[in-house]
>>> print(open('final-v2.cif').read())   # mmCIF, C-alpha atoms
data_data
loop_
_atom_site.label_atom_id
_atom_site.label_comp_id
_atom_site.auth_asym_id
_atom_site.auth_seq_id
_atom_site.Cartn_x
_atom_site.Cartn_y
_atom_site.Cartn_z
CA MET A 24 -3.81 28.29 -17.68
CA ALA A 25 -6.45 25.92 -19.04
CA SER A 26 -8.38 23.95 -16.48
CA THR A 27 -8.49 20.21 -16.79
CA GLN A 28 -11.88 18.60 -16.52
CA LEU A 29 -11.84 15.30 -14.69
CA LEU A 30 -13.48 12.33 -16.31
CA PRO A 31 -16.51 11.05 -14.40
CA ALA A 32 -14.56 7.89 -13.56
CA TYR A 33 -11.72 9.89 -11.95
CA ASP A 34 -14.11 12.21 -10.15
CA THR A 35 -16.13 9.30 -8.78
CA PHE A 36 -13.04 7.48 -7.52
CA LEU A 37 -11.45 10.55 -5.96
CA SER A 38 -14.69 11.37 -4.16
CA PHE A 39 -14.81 7.82 -2.89
CA LEU A 40 -11.28 8.03 -1.52
CA VAL A 41 -11.96 11.35 0.17
CA GLU A 42 -15.09 10.04 1.90
CA LYS A 43 -13.85 6.60 2.90
CA ALA A 44 -10.72 4.74 2.14
CA THR A 45 -10.43 1.58 4.18
CA PRO A 46 -8.68 -1.30 2.38
CA GLN A 47 -11.95 -3.26 2.30
CA GLU A 48 -13.82 -0.40 0.69
CA ILE A 49 -11.09 0.17 -1.87
CA LEU A 50 -11.22 -3.50 -2.84
CA ALA A 51 -15.00 -3.34 -3.18
CA PHE A 52 -15.01 -0.14 -5.27
CA GLN A 53 -16.71 -0.33 -8.66
CA LEU A 54 -17.66 2.41 -11.06
CA PRO A 55 -21.33 3.26 -11.40
CA GLU A 56 -23.10 1.31 -14.14
CA ASP A 57 -23.60 4.34 -16.38
CA VAL A 58 -19.89 5.20 -16.28
CA GLN A 59 -18.93 1.56 -16.97
CA ASP A 60 -21.39 1.45 -19.86
CA HIS A 61 -19.73 4.53 -21.36
CA ILE A 62 -16.29 2.94 -21.01
CA ASP A 63 -17.54 -0.28 -22.62
CA ASP A 64 -18.93 1.77 -25.51
CA LEU A 65 -15.59 3.52 -25.99
CA LEU A 66 -13.74 0.19 -25.96
CA ASP A 67 -16.14 -1.31 -28.51
CA ARG A 68 -15.85 1.72 -30.77
CA HIS A 69 -12.05 1.72 -30.35
CA SER A 70 -11.87 -1.85 -31.64
CA GLU A 71 -13.80 -0.69 -34.70
CA ASN A 72 -11.54 2.38 -35.16
CA GLU A 73 -14.53 4.69 -34.68
CA LEU A 74 -13.30 7.03 -31.93
CA THR A 75 -12.85 10.76 -32.34
CA ILE A 76 -9.56 12.28 -31.21
CA GLU A 77 -11.26 13.48 -28.03
CA GLU A 78 -12.72 10.04 -27.31
CA ALA A 79 -9.34 8.40 -27.89
CA ALA A 80 -7.79 10.80 -25.36
CA GLU A 81 -10.60 10.02 -22.92
CA LEU A 82 -10.01 6.29 -23.35
CA GLN A 83 -6.28 6.78 -22.71
CA GLN A 84 -7.10 8.53 -19.43
CA ILE A 85 -9.46 5.72 -18.50
CA LEU A 86 -6.71 3.15 -19.12
CA GLN A 87 -4.38 5.15 -16.87
CA LEU A 88 -7.06 5.24 -14.18
CA ASP A 89 -7.54 1.49 -14.53
CA ARG A 90 -3.82 0.92 -13.92
CA PHE A 91 -3.93 3.23 -10.89
CA VAL A 92 -6.97 1.49 -9.41
CA SER A 93 -5.39 -1.92 -9.98
CA LEU A 94 -2.28 -0.85 -8.09
CA LEU A 95 -4.36 0.70 -5.33
CA LYS A 96 -6.42 -2.46 -4.94
CA ALA A 97 -3.27 -4.58 -4.88
CA LYS A 98 -1.89 -2.36 -2.12
CA ALA A 99 -5.16 -2.63 -0.18
CA ALA A 100 -5.12 -6.43 -0.51
CA TYR A 101 -1.54 -6.49 0.72
CA MET A 102 -2.44 -4.33 3.72
CA LEU A 103 -5.25 -6.73 4.62
CA SER A 104 -2.98 -9.76 4.35
CA LYS A 105 -0.50 -8.42 6.91
CA PRO A 106 -0.86 -9.92 10.40
#
>>> encode(input="final-v2.cif", output="structure tokens")
Amino acid sequence: MASTQLLPAYDTFLSFLVEKATPQEILAFQLPEDVQDHIDDLLDRHSENELTIEEAAELQQILQLDRFVSLLKAKAAYMLSKP
């Protein structure tokens, strides 16, 4: 079975959740600047149709992670709004 290598963005977020996962901390979570810079580069190159197949797959995973984090942050915000 082939092992799946986690993207730095996934690895960073999973480590964060393992170490501390209060709703406030989840809402405050942001990717490190170097990881965000890489994502921004992929998005720019995607708009210019300059991604390799591997980079396109990486960007797809990043978009999935973004959806997951958005849902997680929405859930955290909801938990904080409860009396």
>>> atom_distance(input="final-v2.cif", atom1="atom CA of Ala97 of chain A", atom2="atom CA of Leu50 of chain A")
8.3 Å
>>> axis_aligned_box(input="final-v2.cif", around="segment 75-78 of chain A", padding_each_side="4 Å", output="JSON")
{"center_x": -11.2, "center_y": 11.8, "center_z": -29.8, "size_x": 11.3, "size_y": 11.4, "size_z": 13.0}
>>> resolve_selection(input="final-v2.cif", expression="the PyMOL selection byres ((chain A and resi 87-92) around 10)", output="number ranges by chain")
A: 30, 32-33, 36, 49-50, 52-53, 81-86, 93-98
>>> atom_distance(input="final-v2.cif", atom1="atom CA of Thr35 of chain A", atom2="atom CA of Pro55 of chain A")
8.4 Å
>>> resolve_selection(input="final-v2.cif", expression="the PyMOL selection byres ((chain A and resi 79) around 12)", output="list in words")
Ile62, Asp64, Leu65, Leu66, Asp67, Arg68, His69, Ser70, Asn72, Glu73, Leu74, Thr75, Ile76, Glu77, Glu78, Ala80, Glu81, Leu82, Gln83, Gln84, Ile85 and Leu86 of chain A
>>> atom_distance(input="final-v2.cif", atom1="atom CA of Gln47 of chain A", atom2="atom CA of Pro106 of chain A")
15.3 Å
>>> decode(input="final-v2.cif", residues="segment 30-104 of chain A", atoms="C-alpha atoms", output="tab-separated table (two decimals), in the first residue's frame")
chain	number	residue	atom	x	y	z
A	30	LEU	CA	0.52	18.50	2.71
A	31	PRO	CA	2.23	20.94	5.09
A	32	ALA	CA	-1.10	22.74	5.52
A	33	TYR	CA	-2.86	19.54	6.64
A	34	ASP	CA	0.01	18.50	8.88
A	35	THR	CA	0.15	21.93	10.52
A	36	PHE	CA	-3.59	21.99	11.19
A	37	LEU	CA	-3.75	18.43	12.51
A	38	SER	CA	-0.85	19.12	14.86
A	39	PHE	CA	-2.65	22.22	16.06
A	40	LEU	CA	-5.82	20.27	16.81
A	41	VAL	CA	-3.93	17.57	18.65
A	42	GLU	CA	-2.13	20.08	20.87
A	43	LYS	CA	-5.00	22.45	21.57
A	44	ALA	CA	-8.47	22.66	20.25
A	45	THR	CA	-10.56	25.17	22.14
A	46	PRO	CA	-13.14	26.99	20.01
A	47	GLN	CA	-11.24	30.26	20.46
A	48	GLU	CA	-8.00	28.73	19.25
A	49	ILE	CA	-9.67	27.11	16.27
A	50	LEU	CA	-11.15	30.47	15.26
A	51	ALA	CA	-7.76	32.13	15.59
A	52	PHE	CA	-5.88	29.46	13.59
A	53	GLN	CA	-3.96	30.65	10.55
A	54	LEU	CA	-1.44	28.86	8.40
A	55	PRO	CA	2.19	29.87	8.73
A	56	GLU	CA	3.23	32.60	6.30
A	57	ASP	CA	5.47	30.32	4.23
A	58	VAL	CA	2.66	27.80	3.70
A	59	GLN	CA	0.21	30.58	2.79
A	60	ASP	CA	2.75	32.04	0.37
A	61	HIS	CA	3.03	28.64	-1.34
A	62	ILE	CA	-0.76	28.39	-1.62
A	63	ASP	CA	-0.95	31.92	-3.05
A	64	ASP	CA	1.69	30.97	-5.62
A	65	LEU	CA	-0.28	27.88	-6.63
A	66	LEU	CA	-3.47	29.93	-6.99
A	67	ASP	CA	-1.70	32.55	-9.12
A	68	ARG	CA	-0.15	29.90	-11.33
A	69	HIS	CA	-3.49	28.08	-11.58
A	70	SER	CA	-5.14	31.21	-12.95
A	71	GLU	CA	-2.42	31.31	-15.60
A	72	ASN	CA	-2.83	27.57	-16.38
A	73	GLU	CA	0.77	26.93	-15.35
A	74	LEU	CA	0.37	24.10	-12.81
A	75	THR	CA	1.83	20.64	-13.21
A	76	ILE	CA	-0.47	17.67	-12.65
A	77	GLU	CA	1.06	17.22	-9.19
A	78	GLU	CA	0.56	20.88	-8.30
A	79	ALA	CA	-3.05	20.77	-9.49
A	80	ALA	CA	-3.65	17.76	-7.22
A	81	GLU	CA	-2.00	19.61	-4.35
A	82	LEU	CA	-4.21	22.64	-4.94
A	83	GLN	CA	-7.30	20.40	-4.96
A	84	GLN	CA	-6.29	19.04	-1.55
A	85	ILE	CA	-5.74	22.56	-0.27
A	86	LEU	CA	-9.24	23.55	-1.42
A	87	GLN	CA	-10.67	20.55	0.43
A	88	LEU	CA	-8.75	21.56	3.55
A	89	ASP	CA	-10.07	25.11	3.21
A	90	ARG	CA	-13.65	23.81	3.16
A	91	PHE	CA	-12.94	21.64	6.20
A	92	VAL	CA	-11.38	24.50	8.16
A	93	SER	CA	-14.28	26.79	7.25
A	94	LEU	CA	-16.76	24.26	8.59
A	95	LEU	CA	-14.68	23.69	11.70
A	96	LYS	CA	-14.46	27.42	12.38
A	97	ALA	CA	-18.21	27.79	11.85
A	98	LYS	CA	-18.79	25.01	14.37
A	99	ALA	CA	-16.41	26.67	16.85
A	100	ALA	CA	-18.20	30.00	16.44
A	101	TYR	CA	-21.52	28.29	17.03
A	102	MET	CA	-20.20	26.62	20.18
A	103	LEU	CA	-19.06	29.99	21.51
A	104	SER	CA	-22.43	31.60	20.79
